[in-house]
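Pasted below: work-v3.txt, compact mmCIF, C-alpha atoms.
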# COMPACT_ATOMS: atom_id res chain seq x y z
CA MET D 21 -31.35 -53.31 -21.86
CA PRO D 22 -31.99 -49.75 -20.65
CA PRO D 23 -34.53 -49.57 -17.82
CA GLN D 24 -38.12 -48.72 -18.66
CA SER D 25 -40.73 -47.04 -16.50
CA GLN D 26 -43.66 -49.33 -15.67
CA PHE D 27 -46.32 -47.21 -13.97
CA PRO D 28 -49.65 -46.59 -15.76
CA SER D 29 -50.35 -43.46 -13.68
CA GLU D 30 -46.80 -42.15 -14.06
CA ALA D 31 -47.76 -38.74 -15.48
CA HIS D 32 -50.08 -38.03 -12.55
CA LEU D 33 -47.50 -39.13 -9.99
CA LEU D 34 -44.67 -37.08 -11.56
CA HIS D 35 -46.65 -33.88 -11.05
CA ARG D 36 -46.52 -34.32 -7.29
CA ARG D 37 -44.54 -31.76 -5.32
CA ARG D 38 -40.78 -31.99 -5.12
CA THR D 39 -40.79 -32.89 -1.43
CA LEU D 40 -42.09 -36.36 -2.42
CA LYS D 41 -39.22 -37.05 -4.83
CA LEU D 42 -35.59 -38.15 -4.85
CA LEU D 43 -33.18 -38.26 -7.78
CA LEU D 44 -31.25 -41.42 -8.68
CA LEU D 45 -27.77 -40.62 -10.08
CA ASN D 46 -24.81 -42.66 -11.33
CA CYS D 47 -27.05 -45.52 -12.51
CA PRO D 48 -25.62 -48.29 -14.72
CA THR D 49 -27.49 -49.17 -17.90
CA CYS D 50 -28.46 -52.55 -16.48
CA ILE D 51 -30.45 -51.10 -13.55
CA SER D 52 -34.16 -51.96 -13.47
CA THR D 53 -37.27 -50.62 -11.80
CA GLU D 54 -37.53 -53.86 -9.84
CA ASP D 55 -33.96 -53.39 -8.52
CA VAL D 56 -34.98 -50.06 -7.02
CA MET D 57 -38.35 -51.21 -5.68
CA THR D 58 -36.78 -54.28 -4.04
CA HIS D 59 -33.95 -52.22 -2.53
CA TYR D 60 -36.21 -49.75 -0.73
CA ARG D 61 -38.77 -52.36 0.22
CA GLY D 62 -36.00 -54.37 1.87
CA LEU D 63 -34.49 -51.43 3.76
CA MET D 64 -37.74 -49.73 4.76
CA GLY D 65 -39.83 -52.84 5.40
CA ARG D 66 -42.76 -51.69 3.23
CA ASN D 67 -43.70 -50.43 -0.23
CA THR D 68 -42.96 -46.70 -0.20
CA VAL D 69 -41.95 -46.01 -3.83
CA GLU D 70 -44.98 -45.20 -5.96
CA CYS D 71 -43.16 -44.42 -9.19
CA VAL D 72 -39.72 -44.75 -10.80
CA LYS D 73 -39.15 -42.57 -13.87
CA TRP D 74 -35.98 -43.18 -15.87
CA PHE D 75 -34.45 -40.24 -17.73
CA HIS D 76 -33.69 -40.32 -21.46
CA ASN D 77 -31.97 -37.91 -23.83
CA GLY D 78 -33.31 -36.32 -27.00
CA SER D 79 -32.49 -39.50 -28.90
CA GLY D 80 -34.46 -41.69 -26.48
CA MET D 81 -31.34 -43.21 -24.86
CA PHE D 82 -31.13 -43.85 -21.10
CA ILE D 83 -28.74 -41.24 -19.61
CA GLY D 84 -27.90 -42.94 -16.29
CA SER D 85 -30.34 -41.26 -13.91
CA GLY D 86 -33.98 -41.16 -12.86
CA ILE D 87 -36.41 -39.97 -10.20
CA LEU D 88 -38.38 -41.69 -7.42
CA VAL D 89 -41.81 -40.62 -6.22
CA PHE D 90 -42.64 -41.69 -2.65
CA ASP D 91 -45.94 -42.09 -0.84
CA SER D 92 -45.18 -39.46 1.84
CA GLU D 93 -42.67 -36.85 2.96
CA ALA D 94 -41.81 -39.05 5.93
CA SER D 95 -40.80 -41.82 3.52
CA VAL D 96 -38.64 -39.40 1.52
CA GLU D 97 -36.85 -38.22 4.66
CA GLU D 98 -36.20 -41.82 5.68
CA ALA D 99 -35.02 -42.88 2.21
CA ALA D 100 -32.73 -39.85 1.88
CA LEU D 101 -30.70 -41.14 4.83
CA LEU D 102 -30.28 -44.59 3.27
CA PRO D 103 -27.69 -45.62 0.67
CA GLY D 104 -28.93 -46.11 -2.86
CA PRO D 105 -28.84 -49.57 -4.42
CA THR D 106 -25.55 -51.07 -5.60
CA ILE D 107 -25.89 -52.50 -9.12
CA MET D 108 -23.06 -54.44 -10.75
CA GLY D 109 -20.60 -52.92 -8.28
CA ARG D 110 -21.71 -49.33 -8.90
CA GLN D 111 -23.16 -47.31 -6.03
CA VAL D 112 -26.28 -45.45 -7.14
CA GLU D 113 -26.47 -42.03 -5.48
CA VAL D 114 -29.61 -40.37 -4.13
CA GLU D 115 -30.26 -36.64 -3.96
CA SER D 116 -33.16 -34.24 -3.51
CA PRO D 117 -34.39 -32.58 -6.75
CA MET D 118 -33.91 -29.29 -4.91
CA GLY D 119 -30.17 -29.95 -4.54
CA GLY D 120 -28.33 -31.87 -1.89
CA SER D 121 -26.88 -30.04 1.08
CA SER D 122 -23.65 -31.96 0.54
CA SER D 123 -23.14 -30.38 -2.89
CA ASP D 124 -20.17 -28.03 -2.83
CA LYS D 125 -20.57 -25.39 -5.53
CA GLY D 126 -16.80 -24.91 -5.52
CA SER D 127 -16.48 -28.51 -6.70
CA GLU D 128 -19.12 -28.23 -9.41
CA LEU D 129 -18.96 -27.33 -13.09
CA TYR D 130 -21.88 -26.42 -15.31
CA LEU D 131 -21.91 -27.86 -18.85
CA TRP D 132 -24.23 -26.70 -21.60
CA GLY D 133 -24.55 -27.08 -25.35
CA LEU D 134 -24.54 -30.88 -24.95
CA PRO D 135 -25.83 -32.70 -28.05
CA PRO D 136 -29.29 -34.34 -27.80
CA SER D 137 -27.65 -37.78 -27.93
CA ALA D 138 -25.34 -37.17 -24.91
CA VAL D 139 -25.43 -39.68 -22.04
CA GLU D 140 -23.64 -39.84 -18.69
CA GLU D 141 -20.92 -42.19 -19.94
CA ASP D 142 -19.86 -39.65 -22.60
CA VAL D 143 -19.03 -37.09 -19.91
CA ARG D 144 -17.51 -39.69 -17.58
CA MET D 145 -15.14 -40.85 -20.32
CA TYR D 146 -13.88 -37.30 -20.89
CA TYR D 147 -13.30 -36.69 -17.17
CA ALA D 148 -12.17 -40.28 -16.45
CA ASN D 149 -9.00 -39.16 -14.62
CA ALA D 150 -10.31 -35.84 -13.27
CA GLY D 151 -12.12 -36.97 -10.12
CA LEU D 152 -15.69 -36.73 -11.43
CA MET D 153 -18.04 -37.94 -8.70
CA ARG D 154 -21.53 -37.40 -10.08
CA LEU D 155 -23.37 -35.92 -13.02
CA LYS D 156 -26.85 -34.42 -12.97
CA PHE D 157 -28.55 -33.66 -16.27
CA LYS D 158 -31.17 -30.92 -16.51
CA MET D 159 -34.50 -32.24 -17.73
CA THR D 160 -37.65 -30.81 -19.27
CA PRO D 161 -40.42 -30.09 -16.70
CA ASP D 162 -42.16 -33.39 -17.51
CA TYR D 163 -38.85 -35.33 -17.33
CA SER D 164 -39.34 -36.54 -20.92
CA SER D 165 -35.93 -35.47 -22.21
CA THR D 166 -32.66 -33.74 -21.37
CA VAL D 167 -32.25 -30.07 -22.32
CA GLY D 168 -28.56 -30.10 -23.24
CA ALA D 169 -27.10 -29.09 -19.87
CA ALA D 170 -25.70 -30.84 -16.81
CA PHE D 171 -24.01 -30.26 -13.44
CA ALA D 172 -20.76 -32.17 -12.85
CA ASN D 173 -19.56 -32.62 -9.25
CA PHE D 174 -15.89 -33.36 -8.61
CA GLU D 175 -14.09 -34.71 -5.56
CA SER D 176 -12.69 -31.30 -4.60
CA PRO D 177 -12.55 -27.66 -5.73
CA GLU D 178 -9.00 -28.30 -6.94
CA ALA D 179 -10.18 -31.24 -9.07
CA ALA D 180 -12.97 -29.08 -10.53
CA MET D 181 -10.49 -26.36 -11.52
CA LYS D 182 -8.18 -28.90 -13.15
CA ALA D 183 -11.17 -30.28 -15.05
CA LEU D 184 -12.02 -26.75 -16.15
CA GLU D 185 -8.47 -26.32 -17.43
CA MET D 186 -9.01 -29.37 -19.66
CA GLY D 187 -11.40 -27.26 -21.68
CA PRO D 188 -14.93 -28.21 -22.74
CA PRO D 189 -15.60 -31.79 -23.80
CA GLU D 190 -16.41 -32.70 -27.39
CA ILE D 191 -19.25 -35.22 -27.48
CA ARG D 192 -20.27 -36.94 -30.70
CA GLY D 193 -18.68 -34.18 -32.75
CA VAL D 194 -20.24 -31.32 -30.76
CA LYS D 195 -17.99 -28.94 -28.78
CA CYS D 196 -19.77 -28.22 -25.49
CA CYS D 197 -19.36 -25.27 -23.11
CA VAL D 198 -18.28 -25.37 -19.46
CA LYS D 199 -18.02 -22.89 -16.56
CA PRO D 200 -17.84 -23.00 -12.77
CA SER D 201 -21.28 -23.60 -11.29
CA GLY D 202 -22.92 -21.11 -8.99
CA TYR D 203 -23.08 -17.33 -8.91
CA GLN D 204 -19.88 -15.93 -10.40
CA GLY D 205 -20.66 -12.23 -9.98
CA GLU D 206 -17.28 -11.28 -8.49
CA LYS D 207 -15.48 -12.83 -11.46
CA GLU D 208 -18.01 -11.85 -14.11
CA VAL D 209 -18.83 -8.76 -16.16
CA CYS D 210 -21.69 -8.18 -18.54
CA ILE D 211 -21.01 -6.58 -21.92
CA ARG D 212 -23.88 -5.22 -23.97
CA GLY D 213 -23.58 -4.57 -27.67
CA SER D 214 -24.80 -5.41 -31.14
CA GLU D 215 -24.73 -8.66 -33.11
CA ASN D 216 -21.14 -7.76 -34.08
CA LEU D 217 -20.02 -8.62 -30.55
CA THR D 218 -18.51 -12.14 -30.66
CA ASP D 219 -16.33 -14.49 -28.62
CA ALA D 220 -13.34 -13.60 -30.79
CA VAL D 221 -13.86 -9.86 -30.21
CA LEU D 222 -14.01 -10.33 -26.43
CA ARG D 223 -10.94 -12.58 -26.25
CA LYS D 224 -8.99 -10.01 -28.29
CA GLN D 225 -10.26 -7.17 -26.10
CA TYR D 226 -9.01 -8.89 -22.94
CA ALA D 227 -5.95 -10.61 -24.43
CA ALA D 228 -3.75 -8.84 -21.86
CA PHE D 229 -5.19 -11.15 -19.18
CA GLY D 230 -3.57 -14.13 -20.90
CA ALA D 231 -4.82 -16.99 -23.05
CA ASP D 232 -6.61 -18.52 -20.06
CA GLY D 233 -7.84 -15.25 -18.57
CA ILE D 234 -11.42 -15.85 -19.71
CA LEU D 235 -13.02 -18.98 -18.28
CA SER D 236 -16.28 -18.80 -20.18
CA ILE D 237 -18.57 -16.57 -22.24
CA GLN D 238 -22.33 -16.93 -22.21
CA TRP D 239 -24.74 -15.10 -24.46
CA GLN D 240 -28.18 -13.59 -24.06
CA ARG D 241 -30.07 -11.97 -26.92
CA VAL D 242 -32.23 -9.00 -26.01
CA ALA D 243 -35.18 -7.95 -28.19
CA HIS D 244 -35.85 -4.25 -28.51
CA ALA D 245 -38.47 -2.46 -30.54
CA GLN D 246 -35.98 -0.96 -33.00
CA LEU D 247 -32.85 -3.09 -32.83
CA ALA D 248 -31.47 -6.46 -31.81
CA SER D 249 -28.70 -6.51 -29.22
CA ARG D 250 -26.96 -9.15 -27.17
CA ARG D 251 -25.32 -9.45 -23.80
CA ALA D 252 -22.13 -11.37 -23.15
CA PHE D 253 -21.51 -12.65 -19.61
CA VAL D 254 -17.74 -12.99 -19.39
CA CYS D 255 -16.36 -15.02 -16.48
CA PHE D 256 -12.66 -14.39 -15.73
CA GLN D 257 -10.13 -16.52 -13.87
CA THR D 258 -10.07 -14.09 -10.94
CA ALA D 259 -12.16 -11.34 -9.39
CA ASP D 260 -9.21 -8.97 -9.93
CA MET D 261 -9.41 -9.52 -13.70
CA ALA D 262 -13.14 -8.75 -13.66
CA SER D 263 -12.43 -5.61 -11.65
CA GLN D 264 -9.81 -4.54 -14.19
CA ALA D 265 -12.27 -5.13 -17.03
CA LEU D 266 -14.76 -2.86 -15.27
CA THR D 267 -12.06 -0.22 -14.79
CA LEU D 268 -11.17 -0.34 -18.48
CA GLY D 269 -14.87 0.30 -19.09
CA ASN D 270 -16.71 0.60 -22.38
CA PHE D 271 -14.94 0.01 -25.69
CA VAL D 272 -15.63 0.81 -29.32
CA LEU D 273 -16.26 -1.84 -31.97
CA GLY D 274 -16.46 -0.24 -35.41
CA ASP D 275 -18.67 2.77 -34.82
CA GLU D 276 -20.56 1.17 -31.93
CA VAL D 277 -19.95 1.42 -28.19
CA MET D 278 -19.87 -1.86 -26.24
CA GLU D 279 -21.06 -1.22 -22.68
CA VAL D 280 -19.33 -2.99 -19.79
CA PHE D 281 -20.99 -3.27 -16.40
CA GLN D 282 -21.05 -5.48 -13.32
CA THR D 283 -23.47 -8.38 -13.22
CA GLY D 284 -25.90 -8.96 -10.37
CA LYS D 285 -27.48 -12.04 -8.88
CA ARG D 286 -30.46 -11.52 -11.15
CA PHE D 287 -28.25 -12.68 -14.04
CA LYS D 288 -28.13 -16.44 -13.60
CA VAL D 289 -27.29 -19.26 -15.99
CA LEU D 290 -30.97 -20.07 -16.21
CA ASP D 291 -31.75 -16.48 -17.26
CA LYS D 292 -29.30 -16.89 -20.09
CA GLU D 293 -30.03 -20.46 -21.10
CA GLY D 294 -33.75 -21.04 -20.59
CA PRO D 295 -36.37 -22.04 -17.99
CA ALA D 296 -35.52 -23.92 -14.82
CA ASN D 297 -36.95 -27.21 -13.62
CA GLU D 298 -36.64 -29.13 -10.42
CA SER D 299 -34.21 -31.77 -11.66
CA GLY D 300 -31.44 -29.21 -11.91
CA THR D 301 -30.43 -26.48 -9.53
CA ASP D 302 -29.41 -22.99 -10.52
CA ALA D 303 -25.88 -22.75 -11.74

Can you give me the file's structure in the form of C-alpha cells?
Amino acid sequence: MPPQSQFPSEAHLLHRRRTLKLLLLNCPTCISTEDVMTHYRGLMGRNTVECVKWFHNGSGMFIGSGILVFDSEASVEEAALLPGPTIMGRQVEVESPMGGSSSDKGSELYLWGLPPSAVEEDVRMYYANAGLMRLKFKMTPDYSSTVGAAFANFESPEAAMKALEMGPPEIRGVKCCVKPSGYQGEKEVCIRGSENLTDAVLRKQYAAFGADGILSIQWQRVAHAQLASRRAFVCFQTADMASQALTLGNFVLGDEVMEVFQTGKRFKVLDKEGPANESGTDA
C-alpha cells in the first residue's frame, strides 16, 4: 500500500519556509508515515516532525519520495546529520529542498518530458546498470503532483556521461528528454528562428560534428506582437563544438535567417521549461 499523509493541518504546515523542511528520497512503496515518525523520534529523543507529505504523480501514484516539516530549524539541522530510515533493506536518503551540498552537478542528469504516470522505479529500471544513486522529481509548488521533470544523480561524472550516452528513457510509451544538469553555457548555443526551425534542421546543420555531437536540444517559444518565433538551446558534446557553431554563425532556412548566439546564465532550464519550486534545484 502506498503511504498516505495523515496530518489535518498539512496544507498550513507545507507553506512553512524551506529551512524547516527536508526531502525524503529513494523511498520504497511500503514506507509509512509511522516508520518516519518513529525513526526520528527514536534518534532525536522527542517528537520533532510535524508533517510528512508523500509525493504522487499526475496519476495519483506514489513516486518514491516525500517531504518532512520540522518544528524548528535546530531540529532540521540535527536531522540532516542523521541517516534516514532503512525500510525493507533500502536506505532512505535525506536532502534539503534547496539542494544538498554533496550533490555533484557533474554527476547529475536532468530529465524532462516524463509522462504523468512516471514513478521512480520506471527511471531506476532504465538505469539499473548505470550507477544511478538517487532521483529527485520536480513537484508543483503545493507538492500535489509531479511536473514531468526530475534530477538523476549518478555515482560519478563518468557514470553520468555513460548514462547520457544510453539516450533518453522511454517510459510507458513516452520518449523523454535528457541533458547534463547545471549551467551548460560553455557547451551551449542559442538559435533563434521561426516555427520552421526543428530538431531535424539543427541536427542536419551540425552533422559535421558527428551523430553524437549534439547532446540535447531544448525549446522556448517567444511571443512577439507580429510574429511567433522560437529559440533552440543546443548543448554540444564539447565547448569546442559550441565555439565552432558560433564561428559558423547565422544560417539560412528557406528565405529566413536563423540567428546563432552564445547563451548566458539567464537562460536556465527553468526559463525554458516553466516555473521553479523548492523541491527541485535549477538544472

Name all residues at most 8 Å from Thr68 (chain D) (count all atoms listed in the file; drop same-chain ones fewer than 5 positions away) and give them as a short mmCIF file (atom, residue, chain, number, x, y, z; two decimals) with C-alpha atoms, keeping the file's coordinate frame.
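Full text of out_14.cif as output:
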data_model
loop_
_atom_site.label_atom_id
_atom_site.label_comp_id
_atom_site.auth_asym_id
_atom_site.auth_seq_id
_atom_site.Cartn_x
_atom_site.Cartn_y
_atom_site.Cartn_z
CA TYR D 60 -36.21 -49.75 -0.73
CA ARG D 61 -38.77 -52.36 0.22
CA PHE D 90 -42.64 -41.69 -2.65
CA ASP D 91 -45.94 -42.09 -0.84
CA SER D 92 -45.18 -39.46 1.84
CA SER D 95 -40.80 -41.82 3.52
#

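Put simply, CA of Gly193 (chain D) is 23.3 Å away from CA of Ser85 (chain D).
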
CA of Leu129 (chain D) to CA of Leu44 (chain D), straight-line distance in Å: 19.2 Å

Residue with smallest distance to Leu102 (chain D) - pool D:Val114, D:Ala231, D:Ser137, D:Thr58, counting all atoms listed in the file: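 Among D:Val114, D:Ala231, D:Ser137, D:Thr58, it is D:Val114 that comes nearest to Leu102 (chain D).
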
Pick from D:Arg251, D:His59, D:Arg37, D:His76 nearest to Ser164 (chain D), counting only C-alpha atoms: D:His76

Long-range neighbours of Ser236 (chain D) as a list in words, 12 Å cut-off, only C-alpha atoms, 6 positions minimum in chain: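 Answer for this query is Leu129, Tyr130, Leu131, Trp132, Leu184, Glu185, Gly187, Pro188, Cys196, Cys197, Val198, Lys199, Pro200, Ser201, Gln204, Lys207, Glu208, Val209, Asp219, Leu222, Arg223, Ala252, Phe253, Val254, Cys255, Phe256, Gln257 and Val289 of chain D.
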
Which residue of D:Val277, D:Met81, D:Ile211, D:Met153 approaches Gln111 (chain D) most closely, using all atoms listed in the file: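 Smallest separation from Gln111 (chain D) among the options: D:Met153.
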
Length of the CA of Gly109 (chain D) to CA of Asp142 (chain D) vector [Å]: 19.5 Å

Can you tell me which residues surround Ile191 (chain D) at a distance of at most 9 Å, considering all atoms listed in the file, apart from same-chain residues fewer than 3 positions away, and format the answer as a PDB file with C-alpha atoms, in the frame of the given file?
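Below you can see out00.pdb, which holds the result:
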ATOM      1  CA  LEU D 134     -24.540 -30.880 -24.950  1.00  0.00           C
ATOM      2  CA  PRO D 135     -25.830 -32.700 -28.050  1.00  0.00           C
ATOM      3  CA  SER D 137     -27.650 -37.780 -27.930  1.00  0.00           C
ATOM      4  CA  ALA D 138     -25.340 -37.170 -24.910  1.00  0.00           C
ATOM      5  CA  ASP D 142     -19.860 -39.650 -22.600  1.00  0.00           C
ATOM      6  CA  VAL D 143     -19.030 -37.090 -19.910  1.00  0.00           C
ATOM      7  CA  TYR D 146     -13.880 -37.300 -20.890  1.00  0.00           C
ATOM      8  CA  VAL D 194     -20.240 -31.320 -30.760  1.00  0.00           C
ATOM      9  CA  LYS D 195     -17.990 -28.940 -28.780  1.00  0.00           C
ATOM     10  CA  CYS D 196     -19.770 -28.220 -25.490  1.00  0.00           C
TER      11      CYS D 196
END

D:Ala220, D:Ala228, D:Met181, D:Val139 ranked by distance to Ala169 (chain D), top pick (using all atoms listed in the file): D:Val139

Polymer residues at most 12 Å from (-24.6, -55.6, -6.9) by only C-alpha atoms, as a ChimeraX atom specification: /D:47-48,50-51,55-56,59,104-112

Among listed residues D:Gly126, D:Gly78, D:Ala172, D:Ser214, nearest Thr160 (chain D) (using only C-alpha atoms): D:Gly78

Distance criterion (all atoms listed in the file): nearest to Ser116 (chain D) out of D:Tyr163, D:Gln264, D:Thr39, D:Gly84: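 Closest candidate: D:Thr39.
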
Each side padded by 5 Å, which centre and which edge lengths in Å (one decimal) define the axis-aligned box around the listed atoms of region 154-157 of chain D? Give them as JSON.
{"center_x": -25.0, "center_y": -35.5, "center_z": -13.2, "size_x": 17.0, "size_y": 13.7, "size_z": 16.2}
